[in-house]
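Student: So that you have it, the file is run19.txt, and it contains compact mmCIF, C-alpha atoms:
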# COMPACT_ATOMS: atom_id res chain seq x y z
CA MET A 145 -9.13 2.18 14.40
CA ARG A 146 -7.64 1.34 11.02
CA SER A 147 -5.06 3.85 9.85
CA PHE A 148 -2.41 3.46 7.19
CA LEU A 149 -0.81 6.72 8.24
CA ALA A 150 -0.62 5.74 11.92
CA VAL A 151 1.22 2.52 11.01
CA LEU A 152 3.74 4.39 8.87
CA GLN A 153 4.14 7.13 11.48
CA THR A 154 4.82 4.59 14.26
CA LEU A 155 7.51 2.88 12.17
CA ALA A 156 9.08 6.22 11.28
CA ASP A 157 8.96 7.46 14.90
CA ARG A 158 11.05 4.44 15.90
CA GLY A 159 13.50 5.10 13.08
CA VAL A 160 12.74 1.83 11.28
CA GLU A 161 14.31 1.49 7.84
CA PHE A 162 11.59 0.22 5.54
CA ILE A 163 10.15 0.52 2.05
CA VAL A 164 6.42 0.67 1.43
CA VAL A 165 5.40 -1.92 -1.18
CA GLY A 166 2.13 -3.57 -2.21
CA GLY A 167 -1.24 -1.86 -2.46
CA VAL A 168 -0.41 1.23 -0.39
CA ALA A 169 2.71 1.82 -2.51
CA ALA A 170 0.63 1.45 -5.67
CA VAL A 171 -1.90 3.99 -4.40
CA LEU A 172 0.84 6.42 -3.38
CA ARG A 173 2.14 6.14 -6.94
CA GLY A 174 -1.32 6.97 -8.30
CA ALA A 175 -2.87 3.58 -9.03
CA PRO A 176 -6.63 3.51 -8.29
CA ILE A 177 -6.71 0.22 -6.41
CA SER A 178 -7.84 -0.72 -2.92
CA THR A 179 -6.15 -2.59 -0.12
CA PHE A 180 -6.72 -3.20 3.56
CA ASP A 181 -3.18 -3.75 4.80
CA VAL A 182 0.19 -2.03 4.86
CA ASP A 183 2.99 -4.05 3.24
CA ILE A 184 6.58 -3.15 3.98
CA VAL A 185 9.99 -4.63 3.26
CA HIS A 186 12.29 -3.89 6.19
CA SER A 187 16.04 -3.87 6.61
CA THR A 188 17.16 -6.97 8.49
CA GLY A 189 20.21 -5.26 9.96
CA PRO A 190 20.46 -6.09 13.69
CA GLU A 191 19.92 -2.48 14.84
CA ASN A 192 16.94 -2.07 12.59
CA LEU A 193 15.36 -5.24 13.94
CA VAL A 194 15.59 -3.81 17.46
CA ARG A 195 13.88 -0.63 16.26
CA LEU A 196 11.28 -2.67 14.39
CA LEU A 197 10.49 -4.76 17.46
CA ALA A 198 9.99 -1.56 19.48
CA ALA A 199 7.65 -0.22 16.79
CA LEU A 200 5.73 -3.51 16.79
CA GLU A 201 5.29 -3.20 20.53
CA ASP A 202 3.91 0.32 20.05
CA LEU A 203 1.58 -1.09 17.40
CA ASP A 204 0.57 -4.01 19.67
CA ALA A 205 1.30 -6.38 16.78
CA TRP A 206 0.58 -10.10 16.77
CA TYR A 207 0.24 -12.83 14.15
CA ARG A 208 -3.15 -12.75 12.53
CA PHE A 209 -3.26 -16.44 11.49
CA GLN A 210 -4.14 -17.39 15.07
CA LEU A 211 -5.62 -14.20 16.46
CA GLU A 212 -6.80 -15.79 19.70
CA ARG A 213 -3.27 -16.96 20.65
CA ARG A 214 -1.81 -13.47 20.31
CA LEU A 215 1.58 -14.76 19.14
CA ARG A 216 4.13 -12.02 18.69
CA PRO A 217 7.03 -11.97 16.23
CA ASP A 218 10.59 -12.06 17.54
CA VAL A 219 13.96 -11.15 16.03
CA THR A 220 14.37 -14.59 14.43
CA HIS A 221 11.10 -14.19 12.54
CA LEU A 222 11.91 -10.65 11.47
CA SER A 223 15.39 -11.52 10.18
CA SER A 224 14.05 -14.20 7.84
CA PRO A 225 13.19 -13.57 4.18
CA GLY A 226 9.66 -14.79 4.92
CA HIS A 227 6.42 -12.89 5.37
CA GLN A 228 5.08 -11.97 8.81
CA LEU A 229 1.36 -11.30 8.52
CA LEU A 230 0.39 -9.27 11.56
CA MET A 231 -2.62 -7.57 13.07
CA THR A 232 -2.00 -4.28 14.88
CA ARG A 233 -4.11 -1.74 16.70
CA PHE A 234 -4.13 0.27 13.46
CA GLY A 235 -5.05 -2.64 11.17
CA PRO A 236 -3.25 -5.43 9.30
CA VAL A 237 0.47 -5.04 8.56
CA ASP A 238 2.59 -7.41 6.48
CA LEU A 239 6.31 -7.39 7.19
CA LEU A 240 8.05 -8.89 4.17
CA GLY A 241 11.63 -10.06 4.45
CA SER A 242 11.76 -10.34 0.67
CA ILE A 243 9.44 -9.97 -2.32
CA GLY A 244 9.38 -11.29 -5.88
CA LYS A 245 12.37 -13.49 -6.62
CA GLY A 246 14.07 -12.96 -3.29
CA ARG A 247 14.46 -9.18 -3.46
CA ARG A 248 15.37 -7.85 -0.05
CA TYR A 249 15.55 -4.33 1.41
CA ALA A 250 19.04 -3.57 0.07
CA ASP A 251 18.03 -4.71 -3.44
CA LEU A 252 14.91 -2.53 -3.40
CA LEU A 253 16.43 0.59 -1.88
CA PRO A 254 17.72 1.98 -5.22
CA LEU A 255 14.22 1.44 -6.66
CA ALA A 256 12.45 3.43 -3.95
CA VAL A 257 11.83 7.15 -3.71
CA GLU A 258 10.94 9.19 -0.66
CA MET A 259 7.40 10.57 -0.77
CA GLU A 260 5.55 12.94 1.52
CA VAL A 261 2.52 11.11 2.87
CA SER A 262 1.53 13.81 5.36
CA ASN A 263 2.94 17.19 6.25
CA LYS A 264 5.09 15.56 8.93
CA LEU A 265 6.01 12.27 7.34
CA ARG A 266 8.11 11.12 4.40
CA VAL A 267 8.50 7.43 3.62
CA ARG A 268 10.33 5.38 1.00
CA VAL A 269 7.96 3.95 -1.59
CA LEU A 270 8.83 1.37 -4.24
CA ASP A 271 8.55 2.80 -7.75
CA LEU A 272 5.92 1.56 -10.17
CA GLU A 273 8.35 -0.20 -12.54
CA ALA A 274 9.70 -2.26 -9.64
CA GLN A 275 6.19 -2.98 -8.34
CA ILE A 276 5.26 -4.30 -11.78
CA ALA A 277 8.44 -6.39 -12.02
CA VAL A 278 7.86 -7.89 -8.56
CA LYS A 279 4.26 -8.80 -9.38
CA GLU A 280 5.38 -10.39 -12.64
CA GLU A 281 7.97 -12.41 -10.73
CA THR A 282 5.48 -13.48 -8.07
CA GLY A 283 2.86 -14.35 -10.67
CA GLY A 284 0.07 -15.10 -8.21
CA GLU A 285 -3.53 -14.56 -9.33
CA LYS A 286 -3.93 -11.55 -7.05
CA ASP A 287 -0.70 -10.03 -8.41
CA LEU A 288 -1.59 -10.65 -12.04
CA ALA A 289 -5.06 -9.16 -11.56
CA VAL A 290 -3.68 -5.78 -10.57
CA LEU A 291 -0.98 -5.64 -13.26
CA PRO A 292 -3.09 -3.93 -15.99
CA VAL A 293 -3.90 -1.05 -13.60
CA LEU A 294 -0.25 -0.67 -12.57
CA ARG A 295 0.99 -0.76 -16.16
CA ARG A 296 -1.60 1.80 -17.29
CA THR A 297 -0.78 4.05 -14.29
CA LEU A 298 2.92 3.93 -15.19
CA GLU A 299 2.10 4.78 -18.79
CA GLU A 300 -0.12 7.71 -17.78
CA SER A 301 2.37 9.07 -15.25
CA ARG A 302 5.10 8.98 -17.92
CA ARG A 303 2.77 10.68 -20.39
CA LEU A 304 1.95 13.43 -17.89
CA SER A 305 5.56 14.03 -16.78
CA PRO A 306 7.86 12.57 -19.44
CA HIS A 307 10.99 14.20 -18.03
CA LYS A 308 10.30 13.92 -14.34
CA PRO A 309 10.71 10.90 -12.10
CA GLN A 310 7.38 9.39 -11.06
CA GLN A 311 5.49 11.27 -8.37
CA MET B 284 -13.84 23.66 -38.46
CA VAL B 285 -13.10 20.91 -35.96
CA PHE B 286 -14.60 21.20 -32.52
CA SER B 287 -12.15 20.35 -29.81
CA PHE B 288 -14.69 18.28 -27.88
CA LEU B 289 -14.77 15.84 -30.78
CA LYS B 290 -11.24 14.89 -29.86
CA ILE B 291 -12.14 14.03 -26.28
CA PRO B 292 -12.46 10.27 -25.89
CA MET B 293 -15.92 9.65 -24.46
CA PHE B 294 -15.16 6.08 -23.45
CA PRO B 295 -12.75 6.18 -20.52
CA TYR B 296 -11.62 2.55 -20.64
CA ALA B 297 -8.39 1.38 -22.22
CA ILE B 298 -8.32 -1.80 -24.34
CA ASP B 299 -7.43 -3.83 -21.24
CA GLY B 300 -10.55 -2.55 -19.44
CA VAL B 301 -8.70 -0.20 -17.10
CA ASP B 302 -10.52 3.04 -16.30
CA VAL B 303 -7.96 5.63 -17.38
CA SER B 304 -10.07 8.51 -16.07
CA LEU B 305 -9.65 7.15 -12.53
CA ILE B 306 -5.89 6.92 -13.02
CA ARG B 307 -5.74 10.50 -14.29
CA TRP B 308 -7.76 11.66 -11.31
CA MET B 309 -5.46 9.81 -8.89
CA LEU B 310 -2.39 11.23 -10.59
CA SER B 311 -3.82 14.75 -10.19
CA LEU B 312 -3.68 14.28 -6.39
CA THR B 313 -0.65 14.55 -4.14
CA PRO B 314 0.62 11.30 -2.57
CA ALA B 315 -0.84 12.43 0.78
CA GLN B 316 -4.25 12.99 -0.84
CA ARG B 317 -4.05 9.56 -2.52
CA LEU B 318 -3.43 7.92 0.85
CA GLU B 319 -6.33 9.88 2.34
CA THR B 320 -8.58 8.69 -0.48
CA LEU B 321 -7.64 5.08 0.21
CA GLN B 322 -8.21 5.59 3.94
CA ASP B 323 -11.65 7.12 3.30
CA PHE B 324 -12.54 4.17 1.09
CA VAL B 325 -11.45 1.60 3.67
CA ASP B 326 -13.25 3.48 6.46
CA ALA B 327 -16.45 3.61 4.42
CA ILE B 328 -16.31 -0.12 3.65
CA SER B 329 -15.58 -0.97 7.30
CA GLU B 330 -18.49 1.20 8.45
CA ALA B 331 -20.85 -0.41 5.95
CA LEU B 332 -19.75 -3.88 7.08
CA GLU B 333 -20.30 -2.98 10.74
CA ASP B 334 -23.76 -1.61 9.91
CA SER B 335 -24.72 -4.74 8.02
CA HIS B 336 -23.50 -6.96 10.87
CA ALA B 337 -25.43 -4.86 13.37
CA GLN B 338 -28.60 -5.45 11.35
CA LEU B 339 -28.24 -9.22 11.30
CA PRO B 340 -30.86 -11.08 13.37
CA GLY B 341 -29.42 -12.03 16.74
CA SER B 342 -26.79 -9.33 16.65
CA SER B 343 -26.33 -7.73 20.09
CA SER B 344 -26.57 -4.21 18.65
CA ASN B 345 -29.86 -5.22 17.00
CA ALA B 346 -31.35 -6.57 20.20
CA GLY B 347 -33.31 -3.75 21.24
Write the structure described by the file as structure tokens, please.
Tutor:
Amino acid sequence: MRSFLAVLQTLADRGVEFIVVGGVAAVLRGAPISTFDVDIVHSTGPENLVRLLAALEDLDAWYRFQLERRLRPDVTHLSSPGHQLLMTRFGPVDLLGSIGKGRRYADLLPLAVEMEVSNKLRVRVLDLEAQIAVKEETGGEKDLAVLPVLRRTLEESRRLSPHKPQQ
Amino acid sequence: MVFSFLKIPMFPYAIDGVDVSLIRWMLSLTPAQRLETLQDFVDAISEALEDSHAQLPGSSSNAG
């Protein structure tokens, strides 16, 4: 079963501190794009890494670059600024130690807003301005391709609610 | 007299080719509904892919 909500719920149930970024964050902010994985930037504080490891166990997460070997991430991997591309029982999940030009959880926290993604779950989601800035910094083809949609979504959301923060 | 419908842009694409009508529709939804929409899309694609694999010659689910 593939479920974005189940991934987010599992992380939240374990008390993991994380920010939703990437395609799911763009969709939550109103951008009509598609994605197949959940991207998050997590806090690399030692207590959070313990909670994250527990959540990854619940999710039955392993590295997806060598699916047959079922390699699992450990604390060393999770504390790095690198990207851990995992497969879980609810679908692909990317754990990102940093995004753009080395932006880590603490840098992104002021740029994230809590959003209700179900009637029982609120998660921190990176705002559209920051998503655009990160994609500009990264500058990969995939990132550049989605930029016009993100920019237009930001423009429209400002037009619709000029005095309110983005919803 | 100017009819209001004359002011409605009939071409929904912005100069950069982005479909603004889709953005407006997404923005009319709550974040939870947006996530549901994405999930429905992914589920539909996954289902279609499974169906097409099942119909391939030699596929076990097509065996008999």
Student: Should the cut-off be 8 Å, what would the residue list for chain A against chain B look like, counting only C-alpha atoms, as a PyMOL selection string?
Tutor: chain A and resi 146-149+168+171-176+178-180+259-262+292-293+296-297+300-301+311
Student: Find the distance between atom CA of Ala205 of chain A and atom CA of Asp218 of chain A and write it in Å to one decimal.
Tutor: 10.9 Å
Student: If I take atom CA of Arg295 of chain A and atom CA of Leu252 of chain A, how far is one from the other in Å, to one decimal?
Tutor: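 Between these atoms lies a distance of 19.0 Å.
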Student: Within 9 Å of Leu193 of chain A, counting all atoms listed in the file, which residues show up once you throw out same-chain ones fewer than 6 positions away? Write them as a list in words, please.
Tutor: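 Non-adjacent residues within range: Val160, His186, Ser187, Val219, Leu222 and Ser223 of chain A.
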Student: Kindly list the centre and edge lengths in Å, rounded to one decimal, for the axis-aligned box that covers all listed atoms of segment 295-301 of chain A plus 5 Å on each of its six sides, as lines of an AutoDock Vina configuration file.
Tutor:
center_x = 0.7
center_y = 4.2
center_z = -16.5
size_x = 14.5
size_y = 19.8
size_z = 14.5
Student: Show me the residues close to (-2.8, -6.1, 0.8) - anything with an atom within 12 Å, counting only C-alpha atoms - and format the list as an NGL selection string.
Tutor: (:A and (148 or 164-171 or 177-184 or 229-230 or 235-240 or 286-287 or 290)) or (:B and (325))
Student: Between atom CA of Ala156 of chain A and atom CA of Arg266 of chain A, what is the spacing in Å?
Tutor: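 Value for the atom CA of Arg266 of chain A-atom CA of Ala156 of chain A distance: 8.5 Å.
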Student: Of the candidates A:Gln210, A:Gln275, A:Thr188, A:Ser305, which one gets nearest to Arg248 of chain A if we count all atoms listed in the file?
Tutor: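 Of the candidates, the smallest distance to Arg248 of chain A is held by A:Thr188.
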Student: Could you tell me which of A:Arg158, A:His227, A:Pro254, A:Glu212 comes closest to Leu196 of chain A if we count all atoms listed in the file?
Tutor: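 Of all the options, A:Arg158 lies closest to Leu196 of chain A.
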